[in-house]
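Shown here: run.pdb, PDB, C-alpha atoms.
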ATOM      1  CA  MET Y 182      69.360 107.313 103.138
ATOM      2  CA  ASP Y 183      69.902 103.690 104.167
ATOM      3  CA  LEU Y 184      73.132 102.013 103.106
ATOM      4  CA  ASP Y 185      72.703  98.770 101.194
ATOM      5  CA  LEU Y 186      74.989  96.177 102.793
ATOM      6  CA  ARG Y 187      75.194  94.216  99.549
ATOM      7  CA  LYS Y 188      76.502  97.277  97.728
ATOM      8  CA  LEU Y 189      79.018  97.823 100.515
ATOM      9  CA  ARG Y 190      80.278  94.250 100.118
ATOM     10  CA  TYR Y 191      80.647  94.867  96.385
ATOM     11  CA  PHE Y 192      82.515  98.103  97.094
ATOM     12  CA  LEU Y 193      84.835  96.350  99.535
ATOM     13  CA  ALA Y 194      85.703  93.673  96.963
ATOM     14  CA  VAL Y 195      86.686  96.296  94.397
ATOM     15  CA  ALA Y 196      88.499  98.494  96.938
ATOM     16  CA  GLU Y 197      90.628  95.594  98.162
ATOM     17  CA  ARG Y 198      91.607  94.474  94.655
ATOM     18  CA  LEU Y 199      91.410  97.783  92.731
ATOM     19  CA  HIS Y 200      90.239  95.724  89.797
ATOM     20  CA  PHE Y 201      86.611  95.332  88.716
ATOM     21  CA  GLY Y 202      87.190  92.123  86.791
ATOM     22  CA  ARG Y 203      88.887  90.254  89.633
ATOM     23  CA  ALA Y 204      86.349  91.567  92.131
ATOM     24  CA  ALA Y 205      83.486  90.346  89.929
ATOM     25  CA  GLU Y 206      85.060  86.899  89.685
ATOM     26  CA  GLU Y 207      85.448  86.746  93.470
ATOM     27  CA  LEU Y 208      81.819  87.785  93.947
ATOM     28  CA  HIS Y 209      80.582  85.386  91.237
ATOM     29  CA  ILE Y 210      78.734  88.113  89.359
ATOM     30  CA  ALA Y 211      79.159  89.660  85.924
ATOM     31  CA  GLN Y 212      81.441  92.691  85.712
ATOM     32  CA  PRO Y 213      78.740  94.975  84.204
ATOM     33  CA  VAL Y 214      76.452  94.121  87.120
ATOM     34  CA  LEU Y 215      79.223  95.012  89.581
ATOM     35  CA  SER Y 216      79.907  98.306  87.791
ATOM     36  CA  ARG Y 217      76.204  99.224  87.939
ATOM     37  CA  GLN Y 218      76.057  98.453  91.660
ATOM     38  CA  ILE Y 219      79.097 100.636  92.352
ATOM     39  CA  ARG Y 220      77.617 103.504  90.317
ATOM     40  CA  ALA Y 221      74.362 103.122  92.267
ATOM     41  CA  LEU Y 222      76.289 103.289  95.558
ATOM     42  CA  GLU Y 223      78.093 106.411  94.388
ATOM     43  CA  GLN Y 224      74.725 107.967  93.551
ATOM     44  CA  ASP Y 225      73.371 106.985  96.971
ATOM     45  CA  LEU Y 226      76.325 108.649  98.683
ATOM     46  CA  GLY Y 227      76.628 111.581  96.307
ATOM     47  CA  ALA Y 228      80.351 110.998  95.882
ATOM     48  CA  ALA Y 229      82.712 109.297  93.449
ATOM     49  CA  LEU Y 230      84.445 106.361  95.127
ATOM     50  CA  PHE Y 231      86.875 105.326  92.387
ATOM     51  CA  THR Y 232      88.820 106.953  89.582
ATOM     52  CA  ARG Y 233      89.141 104.887  86.423
ATOM     53  CA  ASP Y 234      91.682 105.686  83.727
ATOM     54  CA  SER Y 235      94.301 104.037  81.536
ATOM     55  CA  HIS Y 236      96.479 103.471  84.606
ATOM     56  CA  GLY Y 237      93.824 101.398  86.355
ATOM     57  CA  VAL Y 238      91.451 101.868  89.284
ATOM     58  CA  ALA Y 239      92.192 104.004  92.349
ATOM     59  CA  LEU Y 240      90.235 105.094  95.398
ATOM     60  CA  THR Y 241      89.184 108.708  95.747
ATOM     61  CA  ASP Y 242      89.374 110.465  99.126
ATOM     62  CA  ALA Y 243      85.710 109.568  99.624
ATOM     63  CA  GLY Y 244      86.486 105.973  98.660
ATOM     64  CA  ARG Y 245      89.319 105.745 101.166
ATOM     65  CA  GLN Y 246      87.046 107.076 103.893
ATOM     66  CA  LEU Y 247      84.326 104.565 103.011
ATOM     67  CA  LEU Y 248      86.891 101.752 102.999
ATOM     68  CA  SER Y 249      87.982 102.578 106.552
ATOM     69  CA  ASP Y 250      84.343 102.581 107.693
ATOM     70  CA  THR Y 251      83.041  99.609 105.719
ATOM     71  CA  GLY Y 252      84.967  96.845 107.501
ATOM     72  CA  PRO Y 253      83.632  97.612 111.004
ATOM     73  CA  LEU Y 254      80.129  98.231 109.605
ATOM     74  CA  LEU Y 255      79.953  94.868 107.823
ATOM     75  CA  ALA Y 256      81.509  93.114 110.824
ATOM     76  CA  SER Y 257      78.847  94.630 113.058
ATOM     77  CA  ALA Y 258      76.114  93.413 110.704
ATOM     78  CA  ASP Y 259      77.605  89.899 110.733
ATOM     79  CA  ALA Y 260      77.719  90.018 114.539
ATOM     80  CA  VAL Y 261      74.029  90.943 114.726
ATOM     81  CA  ARG Y 262      73.156  88.035 112.436
ATOM     82  CA  ARG Y 263      75.121  85.576 114.597
ATOM     83  CA  ARG Y 264      73.576  86.816 117.844
ATOM     84  CA  VAL Y 265      70.055  86.587 116.417
ATOM     85  CA  THR Y 266      70.747  83.036 115.225
ATOM     86  CA  VAL Y 267      71.968  82.018 118.688
ATOM     87  CA  ALA Y 268      68.941  83.642 120.334
ATOM     88  CA  ALA Y 269      66.606  81.837 117.941
ATOM     89  CA  ARG Y 270      68.042  78.504 119.085
ATOM     90  CA  GLY Y 271      66.921  79.349 122.600
ATOM     91  CA  SER Y 272      70.342  78.740 124.150
ATOM     92  CA  ARG Y 273      72.444  81.081 126.252
ATOM     93  CA  ARG Y 274      76.051  81.002 125.075
ATOM     94  CA  LEU Y 275      79.106  83.178 125.424
ATOM     95  CA  ALA Y 276      82.023  82.695 123.043
ATOM     96  CA  VAL Y 277      85.419  83.497 124.590
ATOM     97  CA  GLY Y 278      88.584  83.791 122.538
ATOM     98  CA  PHE Y 279      92.095  83.327 123.889
ATOM     99  CA  ARG Y 280      95.677  83.465 122.671
ATOM    100  CA  THR Y 281      98.105  80.615 123.285
ATOM    101  CA  GLY Y 282      99.307  80.538 126.887
ATOM    102  CA  ILE Y 283      96.439  82.580 128.352
ATOM    103  CA  PRO Y 284      94.285  80.422 130.652
ATOM    104  CA  VAL Y 285      90.526  80.887 130.396
ATOM    105  CA  ILE Y 286      89.631  78.448 133.174
ATOM    106  CA  PRO Y 287      90.015  80.739 136.260
ATOM    107  CA  ALA Y 288      87.576  83.316 134.861
ATOM    108  CA  ALA Y 289      85.325  80.624 133.395
ATOM    109  CA  ARG Y 290      84.923  78.940 136.777
ATOM    110  CA  ALA Y 291      84.142  82.241 138.510
ATOM    111  CA  PHE Y 292      81.660  83.134 135.761
ATOM    112  CA  GLU Y 293      79.906  79.750 135.847
ATOM    113  CA  VAL Y 294      79.277  80.016 139.597
ATOM    114  CA  ARG Y 295      76.989  82.988 138.893
ATOM    115  CA  HIS Y 296      75.738  81.835 135.488
ATOM    116  CA  PRO Y 297      75.487  78.022 135.579
ATOM    117  CA  ASP Y 298      72.939  78.021 132.742
ATOM    118  CA  VAL Y 299      75.294  79.691 130.239
ATOM    119  CA  VAL Y 300      77.453  77.569 127.958
ATOM    120  CA  LEU Y 301      80.959  78.946 127.425
ATOM    121  CA  ASP Y 302      82.432  78.233 124.003
ATOM    122  CA  VAL Y 303      86.218  78.649 123.995
ATOM    123  CA  GLN Y 304      88.112  79.384 120.771
ATOM    124  CA  ARG Y 305      91.792  80.013 120.185
ATOM    125  CA  THR Y 306      92.675  83.113 118.179
ATOM    126  CA  GLU Y 307      95.858  84.211 116.399
ATOM    127  CA  TRP Y 308      97.450  87.648 116.148
ATOM    128  CA  ASP Y 309      95.710  88.495 112.876
ATOM    129  CA  ASP Y 310      92.155  87.416 113.730
ATOM    130  CA  GLN Y 311      91.741  88.440 117.376
ATOM    131  CA  ALA Y 312      90.213  91.833 116.432
ATOM    132  CA  PRO Y 313      88.161  90.627 113.406
ATOM    133  CA  MET Y 314      86.630  87.776 115.434
ATOM    134  CA  LEU Y 315      85.467  90.246 118.077
ATOM    135  CA  LEU Y 316      84.078  92.723 115.556
ATOM    136  CA  ASP Y 317      82.134  90.203 113.496
ATOM    137  CA  GLY Y 318      80.711  88.341 116.476
ATOM    138  CA  ARG Y 319      82.503  85.011 116.153
ATOM    139  CA  ILE Y 320      83.603  85.592 119.736
ATOM    140  CA  ASP Y 321      81.921  87.822 122.324
ATOM    141  CA  VAL Y 322      84.928  88.423 124.552
ATOM    142  CA  GLY Y 323      88.601  87.833 123.862
ATOM    143  CA  TYR Y 324      91.839  87.565 125.778
ATOM    144  CA  VAL Y 325      94.213  89.444 123.480
ATOM    145  CA  ARG Y 326      97.900  90.262 123.349
ATOM    146  CA  LEU Y 327      98.983  93.767 122.384
ATOM    147  CA  PRO Y 328      99.574  95.318 119.950
ATOM    148  CA  ILE Y 329      96.133  95.019 118.402
ATOM    149  CA  ASP Y 330      94.117  97.374 116.205
ATOM    150  CA  GLU Y 331      91.782  98.778 118.859
ATOM    151  CA  THR Y 332      89.437 100.475 116.382
ATOM    152  CA  GLY Y 333      85.890  99.606 117.380
ATOM    153  CA  LEU Y 334      87.023  97.703 120.469
ATOM    154  CA  ARG Y 335      86.933  98.213 124.205
ATOM    155  CA  VAL Y 336      90.259  96.951 125.554
ATOM    156  CA  THR Y 337      90.961  96.476 129.281
ATOM    157  CA  PRO Y 338      94.475  95.602 130.567
ATOM    158  CA  LEU Y 339      94.649  92.528 132.812
ATOM    159  CA  TYR Y 340      98.308  91.715 133.480
ATOM    160  CA  THR Y 341     101.769  91.622 131.952
ATOM    161  CA  GLU Y 342     104.292  88.844 131.546
ATOM    162  CA  PRO Y 343     107.956  88.787 130.506
ATOM    163  CA  LEU Y 344     109.066  88.154 126.931
ATOM    164  CA  LEU Y 345     111.762  85.628 126.073
ATOM    165  CA  VAL Y 346     113.810  85.159 122.932
ATOM    166  CA  VAL Y 347     113.440  81.823 121.138
ATOM    167  CA  LEU Y 348     116.690  80.409 119.752
ATOM    168  CA  PRO Y 349     117.669  77.217 117.914
ATOM    169  CA  ALA Y 350     119.126  74.707 120.368
ATOM    170  CA  GLY Y 351     122.578  75.032 118.782
ATOM    171  CA  HIS Y 352     122.653  78.837 118.842
ATOM    172  CA  ARG Y 353     125.633  80.556 120.458
ATOM    173  CA  LEU Y 354     123.307  82.138 123.068
ATOM    174  CA  ALA Y 355     121.170  79.070 123.781
ATOM    175  CA  GLY Y 356     121.157  78.002 127.417
ATOM    176  CA  LYS Y 357     122.303  81.330 128.858
ATOM    177  CA  GLU Y 358     120.573  82.660 131.959
ATOM    178  CA  GLU Y 359     119.706  85.869 130.118
ATOM    179  CA  VAL Y 360     120.786  87.946 127.120
ATOM    180  CA  THR Y 361     120.679  91.615 126.145
ATOM    181  CA  GLU Y 362     119.164  93.284 123.108
ATOM    182  CA  ALA Y 363     122.701  94.071 121.968
ATOM    183  CA  ASP Y 364     123.479  90.341 121.955
ATOM    184  CA  LEU Y 365     120.687  89.841 119.410
ATOM    185  CA  ALA Y 366     121.585  92.678 117.023
ATOM    186  CA  GLY Y 367     121.699  91.550 113.410
ATOM    187  CA  GLU Y 368     119.978  88.198 114.009
ATOM    188  CA  PRO Y 369     117.441  87.206 111.327
ATOM    189  CA  LEU Y 370     113.932  87.449 112.717
ATOM    190  CA  VAL Y 371     110.947  85.140 112.328
ATOM    191  CA  TRP Y 372     107.889  87.261 113.043
ATOM    192  CA  HIS Y 373     104.204  87.596 112.361
ATOM    193  CA  ALA Y 374     103.749  91.281 111.556
ATOM    194  CA  GLY Y 375     105.519  94.506 110.588
ATOM    195  CA  PRO Y 376     108.689  96.007 112.096
ATOM    196  CA  ASP Y 377     106.681  98.357 114.329
ATOM    197  CA  THR Y 378     105.487  95.364 116.356
ATOM    198  CA  HIS Y 379     108.935  93.913 117.091
ATOM    199  CA  PRO Y 380     109.476  93.783 120.858
ATOM    200  CA  THR Y 381     113.108  94.872 120.491
ATOM    201  CA  ARG Y 382     114.060  98.367 119.363
ATOM    202  CA  ARG Y 383     117.479  97.164 118.263
ATOM    203  CA  PRO Y 384     117.901  97.002 114.497
ATOM    204  CA  LEU Y 385     116.991  93.548 113.211
ATOM    205  CA  PRO Y 386     116.618  92.561 109.582
ATOM    206  CA  ASP Y 387     113.057  92.604 108.296
ATOM    207  CA  PRO Y 388     111.697  89.083 108.732
ATOM    208  CA  GLY Y 389     112.257  86.985 105.676
ATOM    209  CA  LEU Y 390     109.669  84.607 107.099
ATOM    210  CA  ARG Y 391     106.221  85.805 108.080
ATOM    211  CA  VAL Y 392     104.317  83.359 110.252
ATOM    212  CA  ARG Y 393     100.842  83.206 111.725
ATOM    213  CA  GLY Y 394     100.828  80.936 114.763
ATOM    214  CA  VAL Y 395     103.261  80.019 117.526
ATOM    215  CA  GLU Y 396     103.729  76.477 116.219
ATOM    216  CA  GLU Y 397     104.818  77.737 112.808
ATOM    217  CA  LYS Y 398     107.137  80.269 114.424
ATOM    218  CA  LEU Y 399     108.882  77.626 116.520
ATOM    219  CA  GLU Y 400     109.312  75.285 113.547
ATOM    220  CA  HIS Y 401     111.254  77.949 111.648
ATOM    221  CA  VAL Y 402     113.364  78.832 114.674
ATOM    222  CA  ALA Y 403     114.193  75.163 115.304
ATOM    223  CA  ALA Y 404     115.269  74.875 111.660
ATOM    224  CA  GLY Y 405     117.763  77.703 112.199
ATOM    225  CA  ARG Y 406     116.014  80.270 110.004
ATOM    226  CA  GLY Y 407     115.974  82.999 112.634
ATOM    227  CA  ILE Y 408     115.120  83.971 116.189
ATOM    228  CA  SER Y 409     111.781  85.050 117.595
ATOM    229  CA  PHE Y 410     110.084  86.181 120.804
ATOM    230  CA  VAL Y 411     107.306  84.679 122.922
ATOM    231  CA  ALA Y 412     105.558  85.478 126.175
ATOM    232  CA  ARG Y 413     106.584  83.457 129.229
ATOM    233  CA  SER Y 414     103.328  81.472 129.361
ATOM    234  CA  GLU Y 415     103.806  80.309 125.774
ATOM    235  CA  THR Y 416     107.087  78.635 126.752
ATOM    236  CA  VAL Y 417     105.166  76.369 129.121
ATOM    237  CA  PHE Y 418     102.946  75.146 126.305
ATOM    238  CA  TYR Y 419     105.790  74.545 123.882
ATOM    239  CA  SER Y 420     108.715  72.813 125.535
ATOM    240  CA  ARG Y 421     110.886  71.015 122.965
ATOM    241  CA  PRO Y 422     114.536  69.924 122.770
ATOM    242  CA  ASP Y 423     115.389  71.702 119.512
ATOM    243  CA  ILE Y 424     114.780  75.245 120.780
ATOM    244  CA  SER Y 425     115.938  77.312 123.748
ATOM    245  CA  TYR Y 426     114.100  80.098 125.587
ATOM    246  CA  VAL Y 427     116.247  82.806 127.140
ATOM    247  CA  PRO Y 428     115.009  85.837 129.144
ATOM    248  CA  VAL Y 429     115.731  89.334 127.792
ATOM    249  CA  PRO Y 430     115.196  91.618 130.825
ATOM    250  CA  GLU Y 431     115.424  94.803 128.731
ATOM    251  CA  LEU Y 432     112.331  93.986 126.700
ATOM    252  CA  ALA Y 433     109.024  95.610 127.605
ATOM    253  CA  PRO Y 434     106.668  92.955 128.983
ATOM    254  CA  ASP Y 435     103.865  91.406 126.963
ATOM    255  CA  GLN Y 436     100.507  93.004 127.789
ATOM    256  CA  VAL Y 437      97.499  90.710 128.150
ATOM    257  CA  CYS Y 438      94.105  92.414 127.878
ATOM    258  CA  LEU Y 439      90.444  91.545 127.669
ATOM    259  CA  ALA Y 440      88.521  92.985 124.730
ATOM    260  CA  MET Y 441      85.047  93.153 123.246
ATOM    261  CA  ALA Y 442      83.370  95.177 120.510
ATOM    262  CA  ALA Y 443      82.758  98.721 121.754
ATOM    263  CA  SER Y 444      79.244  98.641 120.345
ATOM    264  CA  ARG Y 445      78.412  95.402 122.155
ATOM    265  CA  THR Y 446      75.961  95.662 125.055
ATOM    266  CA  SER Y 447      75.710  92.331 126.840
ATOM    267  CA  PRO Y 448      75.180  91.647 130.554
ATOM    268  CA  LEU Y 449      76.830  88.238 130.076
ATOM    269  CA  ALA Y 450      79.920  89.748 128.458
ATOM    270  CA  GLU Y 451      80.111  92.325 131.246
ATOM    271  CA  ALA Y 452      79.851  89.536 133.799
ATOM    272  CA  PHE Y 453      82.733  87.699 132.153
ATOM    273  CA  PHE Y 454      84.768  90.927 132.121
ATOM    274  CA  ALA Y 455      84.236  91.195 135.871
ATOM    275  CA  ALA Y 456      85.206  87.539 136.406
ATOM    276  CA  ALA Y 457      88.352  87.961 134.297
ATOM    277  CA  GLN Y 458      89.430  91.059 136.186
ATOM    278  CA  ALA Y 459      88.773  89.383 139.541
ATOM    279  CA  THR Y 460      90.872  86.353 138.564
ATOM    280  CA  ALA Y 461      93.642  88.177 136.641
ATOM    281  CA  GLU Y 462      96.340  87.356 139.179
ATOM    282  CA  ILE Y 463      95.336  83.691 139.286
ATOM    283  CA  THR Y 464      95.252  83.609 135.483
ATOM    284  CA  ALA Y 465      98.772  85.021 135.233
ATOM    285  CA  ASP Y 466     100.142  82.399 137.656
ATOM    286  CA  CYS Y 467      98.136  79.589 136.051
ATOM    287  CA  GLY Y 468      99.636  80.365 132.664
ATOM    288  CA  ILE Y 469     103.094  79.709 134.051
ATOM    289  CA  HIS Y 470     102.378  76.356 135.639
ATOM    290  CA  ASP Y 471      99.397  74.630 133.999
ATOM    291  CA  PRO Y 472      99.461  73.950 130.254
ATOM    292  CA  ALA Y 473      96.089  72.219 130.443
ATOM    293  CA  ALA Y 474      94.414  75.358 131.718
ATOM    294  CA  THR Y 475      93.635  76.761 128.275
ATOM    295  CA  ALA Y 476      92.510  73.515 126.677
ATOM    296  CA  PRO Y 477      89.292  74.349 124.802
ATOM    297  CA  LYS Y 478      86.268  72.737 126.413
ATOM    298  CA  ASP Y 479      83.122  72.795 124.294
ATOM    299  CA  ARG Y 480      79.959  71.572 125.932
TER
END

Would you write the structure of this file as C-alpha cells?
Amino acid sequence: MDLDLRKLRYFLAVAERLHFGRAAEELHIAQPVLSRQIRALEQDLGAALFTRDSHGVALTDAGRQLLSDTGPLLASADAVRRRVTVAARGSRRLAVGFRTGIPVIPAARAFEVRHPDVVLDVQRTEWDDQAPMLLDGRIDVGYVRLPIDETGLRVTPLYTEPLLVVLPAGHRLAGKEEVTEADLAGEPLVWHAGPDTHPTRRPLPDPGLRVRGVEEKLEHVAAGRGISFVARSETVFYSRPDISYVPVPELAPDQVCLAMAASRTSPLAEAFFAAAQATAEITADCGIHDPAATAPKDR
C-alpha cells in the first residue's frame, strides 16, 4: 500500500488544528472533501486516526503515531523535489546553513579547493528552523547550535564556546569581569524556547518574552525587559553600547555541530563535512575575531 502524500498533508492540517473546518479553510478545500480524504486515509491504513464527538476532535493512538511520522516523511518528499529541480537546472550547488556567529568561510575555502565547480549557497538559520530546513532540503548541511531535535538528523560535534549573560547597560551586574549563576537568580529571562533549554539550572522565571532571533533578543534586553544568554562568537557580531556581556564560568559551553538529514546520501555533503571537521579549530577562532567571516556570499 502506497501512502498518498496529498492525504498525509490533509491529515497533518487536521492533526495540527484538531478542527476540520479550520483545516479545510487553510487548505482551501471544502470541509466535506477533507472529511472524505481523511476517511480514505483511515481505510488505507486500516486504523482510525481521529475521534469525533461533542467535545471536538482528538487524535487516536494511531493518529498520534502517524503525526510523529508524517512531518519527516513530507519533509523528505520536499527535499527530493528540491534536489531534482536543482539537478534539472544542470548546476552543482550545495546549500549550507549557519547560525549567527558561526563562520562558514574556513570550511568553504577548503571545500572549494577540491570542488571549484560547485556553487556554495549560504543561508542563516534560527533556532526553530535549523532542523526543518535540513529535513525538507532547503539546506544540505547546517552548522547548528544545540539543543536541537535530532530526529532524522546526523549530528557531528565540531567545537564548543563559552556562554555569556546579556544584561542591560544599566544593570547592577553590567561591566563585571564575571558573574555566578547565583547572581542571576530571579532575573526575568528573555528566551527563545522552553525552560528545558535554559543554559542555567538556577530557577529563573519562565520567559514572559519569547523571541526568535538574536537581534530581537538583544532589543528586549536593552529595553530592560530581562536578561539572556549568547555564545561568545555572537558577542562579536553584536557590539552595542546599551547592553553588556559578562562571562558566567559555571555555565556549560555552547556546542556547535554540523548536521545533515540522516537519509541524505551526497558525496558533496560528505566532502563539506570533512572540510568543516578539518577546519573546526580555525572556525572557532575566526568566530571570535572576524565578524565578516559569516557574511552570506551568494554567487

Item to complete: Could you tell me which residues the PyMOL selection byres ((chain Y and resi 237-248) around 9) grabs in this file, written as a PyMOL selection string?
Response: chain Y and resi 189+192-193+195-197+199-201+228-236+249-252

Residue by residue, what does the PyMOL selection byres ((chain Y and resi 428-439) around 6) grab here? Present the result as a tab-separated table (two decimals) with C-alpha atoms, in the frame of the given file.
chain	number	residue	atom	x	y	z
Y	323	GLY	CA	88.60	87.83	123.86
Y	324	TYR	CA	91.84	87.56	125.78
Y	325	VAL	CA	94.21	89.44	123.48
Y	326	ARG	CA	97.90	90.26	123.35
Y	327	LEU	CA	98.98	93.77	122.38
Y	336	VAL	CA	90.26	96.95	125.55
Y	337	THR	CA	90.96	96.48	129.28
Y	338	PRO	CA	94.48	95.60	130.57
Y	339	LEU	CA	94.65	92.53	132.81
Y	340	TYR	CA	98.31	91.72	133.48
Y	341	THR	CA	101.77	91.62	131.95
Y	342	GLU	CA	104.29	88.84	131.55
Y	343	PRO	CA	107.96	88.79	130.51
Y	344	LEU	CA	109.07	88.15	126.93
Y	345	LEU	CA	111.76	85.63	126.07
Y	359	GLU	CA	119.71	85.87	130.12
Y	360	VAL	CA	120.79	87.95	127.12
Y	361	THR	CA	120.68	91.62	126.14
Y	427	VAL	CA	116.25	82.81	127.14
Y	440	ALA	CA	88.52	92.98	124.73

Worksheet entry | Within 10 Å of Y:Gly278 using only C-alpha atoms, minus same-chain residues under 2 positions, as a PyMOL selection string | chain Y and resi 275-276+280+283+285+302-307+311+314-315+319-325+439-440+477

Worksheet item: What lies within 12 Å of Y:Arg187 using all atoms listed in the file, ignoring chain neighbours under 2 positions off, as a PyMOL selection string?
Response: chain Y and resi 183-185+189-194+208+215+218-219+221-222+251+254-255+258

Discussion item. Show me, as JSON, numbers by chain, the residues that have an atom within 12 Å of stretch 399-406 of chain Y when counting all atoms listed in the file, minus same-chain residues fewer than 4 positions from it.
Written reply: {"Y": [346, 347, 348, 349, 350, 351, 352, 353, 355, 368, 369, 370, 371, 372, 373, 388, 389, 390, 391, 392, 393, 394, 395, 410, 411, 415, 416, 418, 419, 420, 421, 422, 423, 424, 425, 426]}

Practice prompt. Using atom CA of Y:Pro287 and atom CA of Y:Ala443 as the two end points, give the distance in Å to one decimal.
Written response: 24.2 Å

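For the pair atom CA of Y:Thr332 and atom CA of Y:Ala312, the interatomic distance is 8.7 Å.
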
Worksheet entry | Residue IDs satisfying the PyMOL selection byres ((chain Y and resi 450) around 12), as a PyMOL selection string | chain Y and resi 273-277+288-289+292+296+299+301+315+320-323+335+439-443+445-449+451-457

Student task, stretch 337-344 of chain Y output with all heavy atoms as an mmCIF file, in the first residue's frame:
data_model
loop_
_atom_site.group_PDB
_atom_site.id
_atom_site.type_symbol
_atom_site.label_atom_id
_atom_site.label_comp_id
_atom_site.auth_asym_id
_atom_site.auth_seq_id
_atom_site.Cartn_x
_atom_site.Cartn_y
_atom_site.Cartn_z
ATOM 1 N N THR Y 337 27.091 15.929 14.102
ATOM 2 C CA THR Y 337 28.501 15.704 14.440
ATOM 3 C C THR Y 337 29.057 16.905 15.196
ATOM 4 O O THR Y 337 29.063 18.020 14.667
ATOM 5 C CB THR Y 337 29.336 15.489 13.160
ATOM 6 O OG1 THR Y 337 28.819 14.370 12.434
ATOM 7 C CG2 THR Y 337 30.798 15.250 13.499
ATOM 8 N N PRO Y 338 29.523 16.727 16.446
ATOM 9 C CA PRO Y 338 30.096 17.849 17.201
ATOM 10 C C PRO Y 338 31.355 18.391 16.526
ATOM 11 O O PRO Y 338 32.167 17.636 15.993
ATOM 12 C CB PRO Y 338 30.437 17.223 18.562
ATOM 13 C CG PRO Y 338 29.584 15.994 18.653
ATOM 14 C CD PRO Y 338 29.474 15.484 17.239
ATOM 15 N N LEU Y 339 31.496 19.724 16.557
ATOM 16 C CA LEU Y 339 32.679 20.374 15.989
ATOM 17 C C LEU Y 339 33.525 21.040 17.065
ATOM 18 O O LEU Y 339 34.722 20.789 17.177
ATOM 19 C CB LEU Y 339 32.268 21.417 14.940
ATOM 20 C CG LEU Y 339 31.735 20.908 13.604
ATOM 21 C CD1 LEU Y 339 31.366 22.081 12.703
ATOM 22 C CD2 LEU Y 339 32.757 20.010 12.918
ATOM 23 N N TYR Y 340 32.919 21.925 17.863
ATOM 24 C CA TYR Y 340 33.663 22.607 18.912
ATOM 25 C C TYR Y 340 32.681 23.224 19.903
ATOM 26 O O TYR Y 340 31.470 23.254 19.661
ATOM 27 C CB TYR Y 340 34.593 23.685 18.339
ATOM 28 C CG TYR Y 340 33.888 24.788 17.573
ATOM 29 C CD1 TYR Y 340 33.436 25.940 18.228
ATOM 30 C CD2 TYR Y 340 33.689 24.705 16.200
ATOM 31 C CE1 TYR Y 340 32.796 26.961 17.537
ATOM 32 C CE2 TYR Y 340 33.046 25.717 15.504
ATOM 33 C CZ TYR Y 340 32.613 26.844 16.169
ATOM 34 O OH TYR Y 340 31.975 27.850 15.483
ATOM 35 N N THR Y 341 33.205 23.699 21.000
ATOM 36 C CA THR Y 341 32.375 24.395 21.989
ATOM 37 C C THR Y 341 32.896 25.812 22.171
ATOM 38 O O THR Y 341 34.057 26.107 21.838
ATOM 39 C CB THR Y 341 32.385 23.678 23.353
ATOM 40 O OG1 THR Y 341 33.718 23.672 23.871
ATOM 41 C CG2 THR Y 341 31.873 22.255 23.225
ATOM 42 N N GLU Y 342 32.025 26.668 22.696
ATOM 43 C CA GLU Y 342 32.444 28.021 23.035
ATOM 44 C C GLU Y 342 31.676 28.477 24.271
ATOM 45 O O GLU Y 342 30.556 28.022 24.520
ATOM 46 C CB GLU Y 342 32.233 28.976 21.867
ATOM 47 C CG GLU Y 342 30.825 29.040 21.324
ATOM 48 C CD GLU Y 342 30.706 30.050 20.185
ATOM 49 O OE1 GLU Y 342 31.363 31.106 20.267
ATOM 50 O OE2 GLU Y 342 29.953 29.792 19.234
ATOM 51 N N PRO Y 343 32.283 29.366 25.066
ATOM 52 C CA PRO Y 343 31.649 29.802 26.306
ATOM 53 C C PRO Y 343 30.353 30.571 26.066
ATOM 54 O O PRO Y 343 30.174 31.205 25.027
ATOM 55 C CB PRO Y 343 32.701 30.715 26.945
ATOM 56 C CG PRO Y 343 33.983 30.369 26.282
ATOM 57 C CD PRO Y 343 33.631 29.940 24.889
ATOM 58 N N LEU Y 344 29.459 30.513 27.055
ATOM 59 C CA LEU Y 344 28.245 31.310 27.049
ATOM 60 C C LEU Y 344 28.425 32.520 27.958
ATOM 61 O O LEU Y 344 29.103 32.446 28.983
ATOM 62 C CB LEU Y 344 27.056 30.484 27.553
ATOM 63 C CG LEU Y 344 26.451 29.477 26.578
ATOM 64 C CD1 LEU Y 344 25.442 28.598 27.301
ATOM 65 C CD2 LEU Y 344 25.777 30.187 25.411
#
